[in-house]
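entry17.pdb (PDB, C-alpha atoms) appears below.
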ATOM      1  CA  MET A 140      61.315  46.031  20.972  1.00  0.00           C
ATOM      2  CA  ASN A 141      60.394  46.541  24.632  1.00  0.00           C
ATOM      3  CA  LYS A 142      60.948  50.295  24.866  1.00  0.00           C
ATOM      4  CA  PRO A 143      57.919  52.538  25.303  1.00  0.00           C
ATOM      5  CA  TYR A 144      57.037  54.370  22.092  1.00  0.00           C
ATOM      6  CA  THR A 145      57.500  57.709  23.883  1.00  0.00           C
ATOM      7  CA  GLU A 146      61.142  56.792  24.474  1.00  0.00           C
ATOM      8  CA  LEU A 147      61.542  55.698  20.852  1.00  0.00           C
ATOM      9  CA  ILE A 148      60.238  59.067  19.666  1.00  0.00           C
ATOM     10  CA  THR A 149      62.679  60.909  21.945  1.00  0.00           C
ATOM     11  CA  GLU A 150      65.587  58.860  20.644  1.00  0.00           C
ATOM     12  CA  ALA A 151      64.534  59.556  17.065  1.00  0.00           C
ATOM     13  CA  LEU A 152      64.692  63.330  17.530  1.00  0.00           C
ATOM     14  CA  ILE A 153      68.413  63.496  16.876  1.00  0.00           C
ATOM     15  CA  ASP A 154      68.745  65.054  13.435  1.00  0.00           C
ATOM     16  CA  GLU A 155      67.680  68.679  13.891  1.00  0.00           C
ATOM     17  CA  THR A 156      67.592  69.220  10.127  1.00  0.00           C
ATOM     18  CA  VAL A 157      64.583  66.901   9.818  1.00  0.00           C
ATOM     19  CA  PRO A 158      61.155  68.378  10.696  1.00  0.00           C
ATOM     20  CA  VAL A 159      60.035  67.046  14.058  1.00  0.00           C
ATOM     21  CA  ILE A 160      56.592  65.928  12.911  1.00  0.00           C
ATOM     22  CA  LYS A 161      58.132  63.919  10.075  1.00  0.00           C
ATOM     23  CA  THR A 162      60.335  62.075  12.544  1.00  0.00           C
ATOM     24  CA  VAL A 163      57.446  61.530  14.950  1.00  0.00           C
ATOM     25  CA  ALA A 164      55.179  60.206  12.194  1.00  0.00           C
ATOM     26  CA  LYS A 165      57.858  57.843  10.913  1.00  0.00           C
ATOM     27  CA  THR A 166      58.437  56.558  14.441  1.00  0.00           C
ATOM     28  CA  LEU A 167      54.769  56.177  15.318  1.00  0.00           C
ATOM     29  CA  TYR A 168      53.944  54.324  12.124  1.00  0.00           C
ATOM     30  CA  HIS A 169      56.923  52.005  12.310  1.00  0.00           C
ATOM     31  CA  ARG A 170      55.625  48.455  12.585  1.00  0.00           C
ATOM     32  CA  HIS A 171      57.216  47.693  15.940  1.00  0.00           C
ATOM     33  CA  VAL A 172      56.091  50.970  17.465  1.00  0.00           C
ATOM     34  CA  GLY A 173      52.646  50.413  15.982  1.00  0.00           C
ATOM     35  CA  ASP A 174      52.510  47.113  17.819  1.00  0.00           C
ATOM     36  CA  ALA A 175      53.423  48.863  21.065  1.00  0.00           C
ATOM     37  CA  ILE A 176      50.696  51.469  20.537  1.00  0.00           C
ATOM     38  CA  ASN A 177      48.122  48.790  19.745  1.00  0.00           C
ATOM     39  CA  ASN A 178      49.106  46.924  22.896  1.00  0.00           C
ATOM     40  CA  TYR A 179      48.606  50.108  24.908  1.00  0.00           C
ATOM     41  CA  ARG A 180      45.211  50.682  23.272  1.00  0.00           C
ATOM     42  CA  GLU A 181      44.146  47.139  24.091  1.00  0.00           C
ATOM     43  CA  TYR A 182      45.275  47.579  27.691  1.00  0.00           C
ATOM     44  CA  ARG A 183      43.423  50.892  27.959  1.00  0.00           C
ATOM     45  CA  PHE A 184      40.259  49.416  26.456  1.00  0.00           C
ATOM     46  CA  THR A 185      40.463  46.559  28.943  1.00  0.00           C
ATOM     47  CA  GLN A 186      40.536  49.114  31.779  1.00  0.00           C
ATOM     48  CA  ILE A 187      37.504  50.843  30.271  1.00  0.00           C
ATOM     49  CA  GLN A 188      35.643  47.543  29.991  1.00  0.00           C
ATOM     50  CA  ASN A 189      36.405  46.912  33.656  1.00  0.00           C
ATOM     51  CA  ARG A 190      34.548  50.137  34.522  1.00  0.00           C
ATOM     52  CA  PHE A 191      31.550  48.894  32.553  1.00  0.00           C
ATOM     53  CA  ILE A 192      31.812  45.554  34.367  1.00  0.00           C
ATOM     54  CA  GLU A 193      31.743  47.363  37.718  1.00  0.00           C
ATOM     55  CA  GLU A 194      28.423  48.933  36.693  1.00  0.00           C
ATOM     56  CA  GLU A 195      27.049  45.487  35.788  1.00  0.00           C
ATOM     57  CA  GLU A 196      28.075  44.168  39.187  1.00  0.00           C
ATOM     58  CA  LEU A 197      25.886  46.774  40.887  1.00  0.00           C
ATOM     59  CA  LEU A 198      22.868  45.019  39.376  1.00  0.00           C
ATOM     60  CA  SER A 199      21.515  41.520  39.721  1.00  0.00           C
ATOM     61  CA  SER A 200      22.482  38.964  37.071  1.00  0.00           C
ATOM     62  CA  GLU A 201      18.777  38.744  36.230  1.00  0.00           C
ATOM     63  CA  GLN A 202      18.604  42.458  35.395  1.00  0.00           C
ATOM     64  CA  VAL A 203      21.627  42.192  33.103  1.00  0.00           C
ATOM     65  CA  LYS A 204      20.318  39.055  31.380  1.00  0.00           C
ATOM     66  CA  ASN A 205      16.895  40.604  30.826  1.00  0.00           C
ATOM     67  CA  PHE A 206      18.453  43.662  29.211  1.00  0.00           C
ATOM     68  CA  TYR A 207      20.436  41.630  26.700  1.00  0.00           C
ATOM     69  CA  LYS A 208      17.609  39.161  26.172  1.00  0.00           C
ATOM     70  CA  ASN A 209      15.337  42.000  25.030  1.00  0.00           C
ATOM     71  CA  ILE A 210      17.927  44.039  23.142  1.00  0.00           C
ATOM     72  CA  ASP A 211      16.914  45.383  19.729  1.00  0.00           C
ATOM     73  CA  ASN A 212      18.771  47.242  16.975  1.00  0.00           C
ATOM     74  CA  THR A 213      18.145  50.665  18.515  1.00  0.00           C
ATOM     75  CA  LYS A 214      19.535  49.576  21.880  1.00  0.00           C
ATOM     76  CA  LEU A 215      22.425  47.826  20.160  1.00  0.00           C
ATOM     77  CA  ASP A 216      23.342  51.040  18.339  1.00  0.00           C
ATOM     78  CA  LEU A 217      23.319  52.968  21.623  1.00  0.00           C
ATOM     79  CA  LEU A 218      25.388  50.267  23.303  1.00  0.00           C
ATOM     80  CA  PHE A 219      27.953  50.406  20.497  1.00  0.00           C
ATOM     81  CA  ASP A 220      28.101  54.204  20.764  1.00  0.00           C
ATOM     82  CA  LEU A 221      28.712  53.996  24.524  1.00  0.00           C
ATOM     83  CA  LEU A 222      31.559  51.526  24.122  1.00  0.00           C
ATOM     84  CA  ASP A 223      33.114  53.144  21.077  1.00  0.00           C
ATOM     85  CA  LYS A 224      33.149  56.647  22.551  1.00  0.00           C
ATOM     86  CA  ALA A 225      34.627  55.274  25.762  1.00  0.00           C
ATOM     87  CA  ARG A 226      37.272  53.468  23.693  1.00  0.00           C
ATOM     88  CA  THR A 227      38.302  56.440  21.545  1.00  0.00           C
ATOM     89  CA  THR A 228      38.062  59.363  23.972  1.00  0.00           C
ATOM     90  CA  ALA A 229      41.235  61.064  25.130  1.00  0.00           C
ATOM     91  CA  TYR A 230      39.624  61.931  28.468  1.00  0.00           C
ATOM     92  CA  ASN A 231      39.417  59.596  31.423  1.00  0.00           C
ATOM     93  CA  LEU A 232      36.408  61.496  32.785  1.00  0.00           C
ATOM     94  CA  HIS A 233      34.488  60.694  29.600  1.00  0.00           C
ATOM     95  CA  SER A 234      34.984  56.949  29.943  1.00  0.00           C
ATOM     96  CA  LYS A 235      33.863  57.028  33.578  1.00  0.00           C
ATOM     97  CA  ILE A 236      30.719  59.001  32.748  1.00  0.00           C
ATOM     98  CA  LEU A 237      29.957  56.701  29.810  1.00  0.00           C
ATOM     99  CA  SER A 238      30.284  53.646  32.039  1.00  0.00           C
ATOM    100  CA  LYS A 239      27.748  55.292  34.374  1.00  0.00           C
ATOM    101  CA  LEU A 240      25.380  55.753  31.432  1.00  0.00           C
ATOM    102  CA  TYR A 241      25.852  52.075  30.646  1.00  0.00           C
ATOM    103  CA  GLY A 242      24.774  51.177  34.185  1.00  0.00           C
ATOM    104  CA  ASN A 243      21.665  53.325  33.810  1.00  0.00           C
ATOM    105  CA  PHE A 244      20.985  51.732  30.424  1.00  0.00           C
ATOM    106  CA  LEU A 245      21.005  48.253  31.967  1.00  0.00           C
ATOM    107  CA  ARG A 246      19.001  49.311  35.018  1.00  0.00           C
ATOM    108  CA  ASN A 247      16.229  51.147  33.178  1.00  0.00           C
ATOM    109  CA  GLY A 248      16.282  49.341  29.835  1.00  0.00           C
ATOM    110  CA  LYS A 249      16.717  52.690  28.078  1.00  0.00           C
ATOM    111  CA  LEU A 250      18.511  56.009  28.167  1.00  0.00           C
ATOM    112  CA  ASP A 251      16.344  59.018  28.960  1.00  0.00           C
ATOM    113  CA  TYR A 252      16.432  62.232  26.927  1.00  0.00           C
ATOM    114  CA  HIS A 253      19.170  63.901  28.984  1.00  0.00           C
ATOM    115  CA  GLU A 254      21.341  60.776  28.902  1.00  0.00           C
ATOM    116  CA  LYS A 255      20.996  60.439  25.122  1.00  0.00           C
ATOM    117  CA  THR A 256      21.745  64.145  24.691  1.00  0.00           C
ATOM    118  CA  LEU A 257      24.938  63.814  26.723  1.00  0.00           C
ATOM    119  CA  LEU A 258      25.941  60.660  24.842  1.00  0.00           C
ATOM    120  CA  SER A 259      25.445  62.424  21.508  1.00  0.00           C
ATOM    121  CA  ASN A 260      27.359  65.531  22.548  1.00  0.00           C
ATOM    122  CA  ILE A 261      29.951  64.388  25.081  1.00  0.00           C
ATOM    123  CA  ASP A 262      32.709  64.989  22.525  1.00  0.00           C
ATOM    124  CA  MET A 263      31.977  68.724  22.896  1.00  0.00           C
ATOM    125  CA  LEU A 264      33.297  68.638  26.459  1.00  0.00           C
ATOM    126  CA  ASN A 265      36.852  68.248  27.638  1.00  0.00           C
ATOM    127  CA  ASP A 266      38.124  67.481  31.124  1.00  0.00           C
ATOM    128  CA  GLU A 267      38.520  71.192  31.951  1.00  0.00           C
ATOM    129  CA  ASP A 268      34.843  71.797  31.153  1.00  0.00           C
ATOM    130  CA  LEU A 269      33.721  69.018  33.476  1.00  0.00           C
ATOM    131  CA  ILE A 270      36.108  69.982  36.267  1.00  0.00           C
ATOM    132  CA  TYR A 271      35.033  73.629  36.138  1.00  0.00           C
ATOM    133  CA  PHE A 272      31.362  72.639  36.027  1.00  0.00           C
ATOM    134  CA  HIS A 273      31.874  70.555  39.162  1.00  0.00           C
ATOM    135  CA  LYS A 274      33.702  73.481  40.807  1.00  0.00           C
ATOM    136  CA  VAL A 275      30.862  75.909  40.067  1.00  0.00           C
ATOM    137  CA  LEU A 276      28.276  73.592  41.606  1.00  0.00           C
ATOM    138  CA  LYS A 277      30.417  72.792  44.621  1.00  0.00           C
ATOM    139  CA  GLU A 278      31.114  76.447  45.380  1.00  0.00           C
ATOM    140  CA  ASN A 279      27.628  77.825  44.674  1.00  0.00           C
ATOM    141  CA  VAL A 280      25.281  75.088  45.935  1.00  0.00           C
ATOM    142  CA  SER A 281      25.099  74.056  49.584  1.00  0.00           C
ATOM    143  CA  ASP A 282      22.723  71.126  48.949  1.00  0.00           C
ATOM    144  CA  ILE A 283      22.596  69.757  45.388  1.00  0.00           C
ATOM    145  CA  ASN A 284      19.434  67.725  45.987  1.00  0.00           C
ATOM    146  CA  GLU A 285      17.575  70.670  47.511  1.00  0.00           C
ATOM    147  CA  ALA A 286      18.624  72.854  44.557  1.00  0.00           C
ATOM    148  CA  GLU A 287      17.098  70.316  42.174  1.00  0.00           C
ATOM    149  CA  ILE A 288      13.885  69.705  44.132  1.00  0.00           C
ATOM    150  CA  LYS A 289      13.174  73.388  44.877  1.00  0.00           C
ATOM    151  CA  GLN A 290      14.399  74.596  41.461  1.00  0.00           C
ATOM    152  CA  ILE A 291      16.809  77.069  43.024  1.00  0.00           C
ATOM    153  CA  LYS A 292      18.475  79.472  40.598  1.00  0.00           C
ATOM    154  CA  ILE A 293      22.263  78.994  40.634  1.00  0.00           C
ATOM    155  CA  SER A 294      24.888  81.535  39.619  1.00  0.00           C
ATOM    156  CA  PHE A 295      27.545  80.641  37.048  1.00  0.00           C
ATOM    157  CA  PRO A 296      30.439  83.114  37.511  1.00  0.00           C
ATOM    158  CA  ILE A 297      31.948  84.257  34.215  1.00  0.00           C
ATOM    159  CA  ASN A 298      35.116  86.312  34.344  1.00  0.00           C
ATOM    160  CA  THR A 299      36.896  85.025  31.235  1.00  0.00           C
ATOM    161  CA  TYR A 300      36.029  84.010  27.695  1.00  0.00           C
ATOM    162  CA  THR A 301      36.933  80.416  28.596  1.00  0.00           C
ATOM    163  CA  GLU A 302      34.298  80.371  31.327  1.00  0.00           C
ATOM    164  CA  HIS A 303      31.767  81.849  28.901  1.00  0.00           C
ATOM    165  CA  TYR A 304      32.411  79.046  26.401  1.00  0.00           C
ATOM    166  CA  ILE A 305      32.278  76.402  29.132  1.00  0.00           C
ATOM    167  CA  PHE A 306      28.825  77.647  30.135  1.00  0.00           C
ATOM    168  CA  GLU A 307      27.637  77.549  26.516  1.00  0.00           C
ATOM    169  CA  LYS A 308      28.907  73.989  26.071  1.00  0.00           C
ATOM    170  CA  ILE A 309      27.348  72.748  29.322  1.00  0.00           C
ATOM    171  CA  ILE A 310      24.023  74.190  28.162  1.00  0.00           C
ATOM    172  CA  ARG A 311      24.267  72.457  24.775  1.00  0.00           C
ATOM    173  CA  VAL A 312      24.931  69.015  26.204  1.00  0.00           C
ATOM    174  CA  GLY A 313      21.841  69.318  28.404  1.00  0.00           C
ATOM    175  CA  LEU A 314      23.445  69.199  31.846  1.00  0.00           C
ATOM    176  CA  ILE A 315      21.763  72.424  32.967  1.00  0.00           C
ATOM    177  CA  VAL A 316      18.879  74.694  31.972  1.00  0.00           C
ATOM    178  CA  GLU A 317      19.651  78.376  31.577  1.00  0.00           C
ATOM    179  CA  SER A 318      17.547  80.868  33.512  1.00  0.00           C
ATOM    180  CA  SER A 319      15.406  82.734  30.991  1.00  0.00           C
ATOM    181  CA  ASP A 320      15.186  86.014  32.912  1.00  0.00           C
ATOM    182  CA  ILE A 321      18.800  87.038  32.301  1.00  0.00           C
ATOM    183  CA  ASP A 322      19.392  89.989  29.968  1.00  0.00           C
ATOM    184  CA  LEU A 323      22.301  88.843  27.852  1.00  0.00           C
ATOM    185  CA  GLY A 324      22.456  91.876  25.586  1.00  0.00           C
ATOM    186  CA  THR A 325      23.989  91.379  22.148  1.00  0.00           C
ATOM    187  CA  ILE A 326      26.543  88.690  21.437  1.00  0.00           C
ATOM    188  CA  THR A 327      28.940  91.305  20.104  1.00  0.00           C
ATOM    189  CA  ASP A 328      28.919  93.223  23.369  1.00  0.00           C
ATOM    190  CA  LYS A 329      32.116  92.344  25.254  1.00  0.00           C
ATOM    191  CA  ILE A 330      30.617  93.320  28.628  1.00  0.00           C
ATOM    192  CA  SER A 331      27.547  91.097  28.251  1.00  0.00           C
ATOM    193  CA  ILE A 332      29.615  88.078  27.260  1.00  0.00           C
ATOM    194  CA  LEU A 333      31.579  88.336  30.486  1.00  0.00           C
ATOM    195  CA  ASN A 334      28.529  88.787  32.700  1.00  0.00           C
ATOM    196  CA  ASP A 335      27.671  86.056  35.193  1.00  0.00           C
ATOM    197  CA  ARG A 336      24.869  83.738  34.064  1.00  0.00           C
ATOM    198  CA  ALA A 337      22.247  81.780  35.998  1.00  0.00           C
ATOM    199  CA  PHE A 338      20.840  78.288  35.572  1.00  0.00           C
ATOM    200  CA  TYR A 339      18.668  75.549  37.049  1.00  0.00           C
ATOM    201  CA  ILE A 340      19.536  71.890  37.445  1.00  0.00           C
ATOM    202  CA  HIS A 341      17.555  68.673  36.998  1.00  0.00           C
ATOM    203  CA  ASN A 342      17.891  65.118  38.296  1.00  0.00           C
ATOM    204  CA  PHE A 343      20.542  64.136  35.743  1.00  0.00           C
ATOM    205  CA  THR A 344      22.644  67.156  36.762  1.00  0.00           C
ATOM    206  CA  VAL A 345      22.640  65.796  40.300  1.00  0.00           C
ATOM    207  CA  GLU A 346      23.674  62.355  39.071  1.00  0.00           C
ATOM    208  CA  ILE A 347      26.584  63.708  37.024  1.00  0.00           C
ATOM    209  CA  TYR A 348      27.658  66.027  39.858  1.00  0.00           C
ATOM    210  CA  GLU A 349      27.750  63.149  42.342  1.00  0.00           C
ATOM    211  CA  LEU A 350      29.750  61.053  39.876  1.00  0.00           C
ATOM    212  CA  LEU A 351      32.246  63.892  39.315  1.00  0.00           C
ATOM    213  CA  GLU A 352      32.425  64.433  43.068  1.00  0.00           C
ATOM    214  CA  LEU A 353      33.346  60.782  43.522  1.00  0.00           C
ATOM    215  CA  ILE A 354      35.872  60.732  40.660  1.00  0.00           C
ATOM    216  CA  LEU A 355      37.577  64.034  41.455  1.00  0.00           C
ATOM    217  CA  CYS A 356      37.714  63.454  45.196  1.00  0.00           C
ATOM    218  CA  VAL A 357      39.294  60.027  44.675  1.00  0.00           C
ATOM    219  CA  ASN A 358      41.823  61.496  42.222  1.00  0.00           C
ATOM    220  CA  HIS A 359      42.629  64.355  44.612  1.00  0.00           C
ATOM    221  CA  SER A 360      43.214  62.051  47.561  1.00  0.00           C
ATOM    222  CA  SER A 361      45.337  59.530  45.649  1.00  0.00           C
TER     223      SER A 361
END
Encoded form using structure tokens:
Amino acid sequence: MNKPYTELITEALIDETVPVIKTVAKTLYHRHVGDAINNYREYRFTQIQNRFIEEEELLSSEQVKNFYKNIDNTKLDLLFDLLDKARTTAYNLHSKILSKLYGNFLRNGKLDYHEKTLLSNIDMLNDEDLIYFHKVLKENVSDINEAEIKQIKISFPINTYTEHYIFEKIIRVGLIVESSDIDLGTITDKISILNDRAFYIHNFTVEIYELLELILCVNHSS
């Protein structure tokens, strides 16, 4: 049974009288196909672990040893959450961001408030949210570090409902701070929902932006 499970599913979709999902479920949960899926999951998790290893390699062996030597139950729970969310996410961007949080965890011996907020809520974001967030910063900020240091107000263009919801989600996960002097009107007002918003960034915003810049630029050039 060396065929990819995607090919097995395609081959199984022969009898048009049988509901597609029933055929797919039967194929996916067949023992041999299950083995193939588990093998893929193990391979994928190995790739994710390699990203975490790369973060370890940026530190000295002494720093890594000291972290694990002094680990307690609270840190162990956070470590498990980092690994498990990286393992189960459907989004490659998530696993790369989580590996970055792991590096910070080792380096600082803790996760700060913004890092823990993102870890707790990263499931709210999908790859489109992160890519659009990166696009907004890239197109509206000439110097990301200056914007953070000088607390420059940044515009978040909103022309569609999707962009409105992306802004709301980015706020909730703590990546930005909304400007408080914007008159949003009522939530039921269609015009106000589609108005541009404004926000400020903090040091963790800069860190995530630079990581996305690295990831997305590498993906674009490859």
**OP:** List the neighbours of A:Tyr230 out to 12 Å using all atoms listed in the file; skip same-chain residues closer than 4 positions along the sequence, and give me the result as number ranges by chain.
**Re:** A: 183, 187, 224-226, 234-237, 261-270
Original post:
Got a sec: who's within 8 Å of A:Tyr241, counting only C-alpha atoms, leaving out chain neighbours fewer than 2 positions off, as a PyMOL selection string?
Top reply: chain A and resi 191+194+218+221+237-239+243-245
Could the residues in this selection be saved with C-alpha atoms as a PDB file, in the frame of the given file?
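Listing of out_28.pdb after writing:
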ATOM      1  CA  PHE A 191      31.550  48.894  32.553  1.00  0.00           C
ATOM      2  CA  GLU A 194      28.423  48.933  36.693  1.00  0.00           C
ATOM      3  CA  LEU A 218      25.388  50.267  23.303  1.00  0.00           C
ATOM      4  CA  LEU A 221      28.712  53.996  24.524  1.00  0.00           C
ATOM      5  CA  LEU A 237      29.957  56.701  29.810  1.00  0.00           C
ATOM      6  CA  SER A 238      30.284  53.646  32.039  1.00  0.00           C
ATOM      7  CA  LYS A 239      27.748  55.292  34.374  1.00  0.00           C
ATOM      8  CA  ASN A 243      21.665  53.325  33.810  1.00  0.00           C
ATOM      9  CA  PHE A 244      20.985  51.732  30.424  1.00  0.00           C
ATOM     10  CA  LEU A 245      21.005  48.253  31.967  1.00  0.00           C
TER      11      LEU A 245
END
For the PyMOL selection byres ((chain A and resi 352) around 12), applied here, can you spell out every residue it catches as a PDB file with C-alpha atoms, keeping the file's coordinate frame?
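Writing done, so here's part_23.pdb:
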ATOM      1  CA  LEU A 232      36.408  61.496  32.785  1.00  0.00           C
ATOM      2  CA  ILE A 236      30.719  59.001  32.748  1.00  0.00           C
ATOM      3  CA  LEU A 269      33.721  69.018  33.476  1.00  0.00           C
ATOM      4  CA  ILE A 270      36.108  69.982  36.267  1.00  0.00           C
ATOM      5  CA  TYR A 271      35.033  73.629  36.138  1.00  0.00           C
ATOM      6  CA  PHE A 272      31.362  72.639  36.027  1.00  0.00           C
ATOM      7  CA  HIS A 273      31.874  70.555  39.162  1.00  0.00           C
ATOM      8  CA  LYS A 274      33.702  73.481  40.807  1.00  0.00           C
ATOM      9  CA  VAL A 275      30.862  75.909  40.067  1.00  0.00           C
ATOM     10  CA  LEU A 276      28.276  73.592  41.606  1.00  0.00           C
ATOM     11  CA  LYS A 277      30.417  72.792  44.621  1.00  0.00           C
ATOM     12  CA  ILE A 283      22.596  69.757  45.388  1.00  0.00           C
ATOM     13  CA  THR A 344      22.644  67.156  36.762  1.00  0.00           C
ATOM     14  CA  VAL A 345      22.640  65.796  40.300  1.00  0.00           C
ATOM     15  CA  GLU A 346      23.674  62.355  39.071  1.00  0.00           C
ATOM     16  CA  ILE A 347      26.584  63.708  37.024  1.00  0.00           C
ATOM     17  CA  TYR A 348      27.658  66.027  39.858  1.00  0.00           C
ATOM     18  CA  GLU A 349      27.750  63.149  42.342  1.00  0.00           C
ATOM     19  CA  LEU A 350      29.750  61.053  39.876  1.00  0.00           C
ATOM     20  CA  LEU A 351      32.246  63.892  39.315  1.00  0.00           C
ATOM     21  CA  LEU A 353      33.346  60.782  43.522  1.00  0.00           C
ATOM     22  CA  ILE A 354      35.872  60.732  40.660  1.00  0.00           C
ATOM     23  CA  LEU A 355      37.577  64.034  41.455  1.00  0.00           C
ATOM     24  CA  CYS A 356      37.714  63.454  45.196  1.00  0.00           C
ATOM     25  CA  VAL A 357      39.294  60.027  44.675  1.00  0.00           C
ATOM     26  CA  ASN A 358      41.823  61.496  42.222  1.00  0.00           C
ATOM     27  CA  HIS A 359      42.629  64.355  44.612  1.00  0.00           C
ATOM     28  CA  SER A 360      43.214  62.051  47.561  1.00  0.00           C
TER      29      SER A 360
END
**OP:** Write out as a list in words each polymer residue whose atoms come within 9 Å of A:Asn298, counting all atoms listed in the file; drop sequence neighbours fewer than 3 positions from it.
**Re:**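 Counting only the stated atoms, we get Thr301, Glu302, His303, Leu333, Asn334 and Asp335 of chain A.
Distances here use all atoms listed in the file; by that measure, the residue among A:Ser281, A:Lys292, A:Ile309, A:Val203 closest to A:Asn260 is A:Ile309.
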**OP:** Considering only C-alpha atoms, return as a VMD selection string whatever protein or nucleic-acid residues lie within 12 Å of A:Lys204, sequence-local ones (same chain, fewer than 3 positions apart) excluded.
**Re:** chain A and resid 195 198 to 201 207 to 210 245 to 246 248
Subject >> Straight-line distance linking atom CA of A:Phe184 with atom CA of A:Arg311, stated in Å to one decimal >> reply: 28.1 Å
Original post:
Rounded to one decimal in Å, what is the spacing between atom CA of A:Gln186 and atom CA of A:Lys249?
Top reply: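 It comes out at 24.4 Å.
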Original post:
What gap, in Å, lies between atom CA of A:Asn205 and atom CA of A:Leu222?
Top reply: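 Distance reported for this atom pair: 19.5 Å.
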Given 5 Å on each side, where is the centre and what are the edge lengths in Å to one decimal of the axis-aligned box enclosing the listed atoms of stretch 259-274 of chain A, as JSON?
{"center_x": 32.0, "center_y": 68.0, "center_z": 31.2, "size_x": 23.1, "size_y": 21.2, "size_z": 29.3}
Original post:
Which protein, DNA or RNA residues are at most 7 Å from (13.9, 71.1, 39.4) in the file's coordinates when you count all atoms listed in the file, listed as a PyMOL selection string?
Top reply: chain A and resi 287-290+339-341
Original post:
What lies within 8 Å of stretch 254-259 of chain A using all atoms listed in the file, ignoring chain neighbours under 4 positions off, as number ranges by chain?
Top reply: A: 220-221, 237, 240, 250, 312-314, 343
